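Novice: Pasting a structure here, questions to come.
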Amino acid sequence: MFGYVKTDMPNLYVKDTILYKAMYCGLCKGIGKCCGSKGRLVLNYDLTFLSVLLHNLSGLDVKIEKQRCIIHHIVKRPVAIPDDLTKKIGALNVILAYHKLNDDVLDDKKGRIKRSFFNSSYKKAKKFQPNLDKIVKERYSQLIEYEKTHGDSIDASADPFGCMMQDVVRELLGDKVTEQVIELAYYLGKWIYLIDALDDFDKDKKKGSFNVFVNLYKDVLDKQTLVCDKESELIYVFGTIIDRIDGLSRDLKYNFNHDLTDNILRRGIKIQTKQIMENKKCKNTTKF
């Protein structure tokens with residue numbers, strides 16, 4: 001369910017490419033500091049973006065230094081030195097990954113070994129940020145309860161994840177939170193949940209795991225057919241969310257240059273949606 005919030009790399013300025021990679025490496029270092037090295041294996045793009053966005057909205061400038069790491073141990077790379085916010089987001093990264101693994105175990109009855117591997121990192125993250133763990137746990141419980149109903153409502157299925165994103169952003173920003181960023185977090189959370197469901201359509205249908213699109217379109221055999229036959233409906237669902245994210249991103253009160261966040265919010269998620277909906281046998285699959 002994670003890793004979809006990415007940049008439109010071909011249209012990213014060089015300065016922002018350097019910043020993005022530095023923030024990615026900085027978050028990795030932050031996870032290591034608060035959760036241990038195992039937790040760094042679940043680092044993803046979604047939380048890197050969250051770090052970029054919340055640092056900007058909080059007015060927290062980052063200090064970038066060239067450092068080595070376990071993977072890049074010969075040539076130094078630019079790294080955003082982890083601050084308190086970075087470490088909190090790093091803990092959130094581990095908490096989200098652990099609860100996702102736990103959800104997979106409940107769905108497929110598999111993945112217990114992988115979950116146990118990250119158990120020590122999760123315990124450290126939970127101890128460091130108990131409020132974030134409580135938020136994620138409660139919202140995942142709501143999601144699991146809805147999935148038990150085998151419902152087919154797109155809005156209802158995506159709502160717990162959207163609310164989860166709202167809650168964690170409110171917790172991380174504190175008194176610097178605004179209504180615009182809270183609403184943005186909600187729609188971004190819904191998009192992540194739904195794009196993951198679309199991406200996993202074939203896998204979930206085969207395994208019998210919960211998937212709102214599988215439940216809604218019971219007679220559709222695979223994602224290729226879904227994208228071809230239900231094109232207009234999918235475009236409406238994702239287009240509505242993307243348009244709202246685009247509009248809300250323009251109303252945010254940034255403290256620094258926001259070319260990087262604009263690239264992700266106004267271009268990156270749109271391109272990710274296109275790529276996941278893309279089907280070689282369907283011409284003009286999307287009209288975003």
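Numbering starts fresh at 1 for the residues of each chain in the structure tokens, the chains themselves are lettered A, B, ... in the order given, and ligands are numbered from 1 as they appear.
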Mind checking which residues fall within 6 Å of range 175-184 of chain A, counting only C-alpha atoms, ignoring those fewer than 5 positions away in the same chain, and posting them as an mmCIF file with C-alpha atoms, in the first residue's frame?

Specialist:
data_model
loop_
_atom_site.group_PDB
_atom_site.id
_atom_site.type_symbol
_atom_site.label_atom_id
_atom_site.label_comp_id
_atom_site.auth_asym_id
_atom_site.auth_seq_id
_atom_site.Cartn_x
_atom_site.Cartn_y
_atom_site.Cartn_z
ATOM 1 C CA GLN A 166 -5.183 13.298 8.501
ATOM 2 C CA ILE A 245 -5.216 17.325 -4.389
ATOM 3 C CA LEU A 248 -5.459 22.059 -2.230
#

Novice: Can I get the residues of range 93-186 of chain A within 9 Å of range 1-17 of chain A, each with the closest pair of atoms and their distance in Å to one decimal, using only C-alpha atoms, sorted chain first then ascending number, as JSON lines?

Specialist:
{"residue": "A:Leu96", "atom": "CA", "partner": "A:Phe2", "partner_atom": "CA", "distance": 8.9}
{"residue": "A:Ala97", "atom": "CA", "partner": "A:Phe2", "partner_atom": "CA", "distance": 8.2}
{"residue": "A:Lys100", "atom": "CA", "partner": "A:Met1", "partner_atom": "CA", "distance": 7.5}

Novice: What separation in Å, quoted to one decimal, exists between CA of Leu226 in chain A and CA of Asp155 in chain A?

Specialist: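 Interatomic distance, CA of Leu226 in chain A to CA of Asp155 in chain A: 18.6 Å.
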
Novice: Within 6 Å of Pro82 in chain A, counting only C-alpha atoms, which residues show up once you throw out same-chain ones fewer than 3 positions away? Write them as a list in words, please.

Specialist: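 Skipping anything fewer than 3 positions along the chain leaves Gly26, Gly30 and Thr86 of chain A.
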
Novice: Neighbouring residues of Phe213 in chain A were defined as those with any atom within 10 Å, considering only C-alpha atoms; residues of the same chain fewer than 2 positions away were excluded. Please report them as a list in words.

Specialist: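 Residues near the query, excluding close chain neighbours: Gly151, Asp152, Ser153, Ile154, Leu194, Ala197, Leu198, Asp200, Phe201, Asp204, Lys205, Phe210, Asn211, Asn215, Leu216, Tyr217, Lys218, Val220, Lys223, Leu226 and Leu234 of chain A.
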
Novice: For Cys69 in chain A, which residue among A:Lys274, A:Lys190, A:Lys206, A:Lys29 is the nearest when counting only C-alpha atoms?

Specialist: A:Lys29

Novice: Kindly indicate which residue among A:Ser37, A:Asn102, A:Asn255, A:Asn263 lies nearest to Ile70 in chain A, using only C-alpha atoms for the distances.

Specialist: A:Ser37

Novice: Calculated over only C-alpha atoms, which of the candidates A:Asp202, A:Glu145, A:Asp246, A:Asp222 has the smallest distance to Ile264 in chain A?

Specialist: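 When distances to Ile264 in chain A are compared using only C-alpha atoms, the smallest one comes from A:Asp246.
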
Novice: Please identify all polymer residues within 9 Å of Ile241 in chain A, counting only C-alpha atoms, omitting same-chain residues fewer than 6 positions from it, and present them as a ChimeraX atom specification.

Specialist: /A:187-188,190-191

Novice: Quick one: write out the picked residues with C-alpha atoms as a short mmCIF file (atom, residue, chain, number, x, y, z; two decimals), in the first residue's frame?

Specialist:
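Below you can see out.cif, which holds the result:
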data_model
loop_
_atom_site.label_atom_id
_atom_site.label_comp_id
_atom_site.auth_asym_id
_atom_site.auth_seq_id
_atom_site.Cartn_x
_atom_site.Cartn_y
_atom_site.Cartn_z
CA TYR A 187 -7.41 12.94 -0.23
CA LEU A 188 -3.83 11.79 -0.59
CA LYS A 190 -7.62 7.93 -0.24
CA TRP A 191 -5.60 8.04 -3.45
#
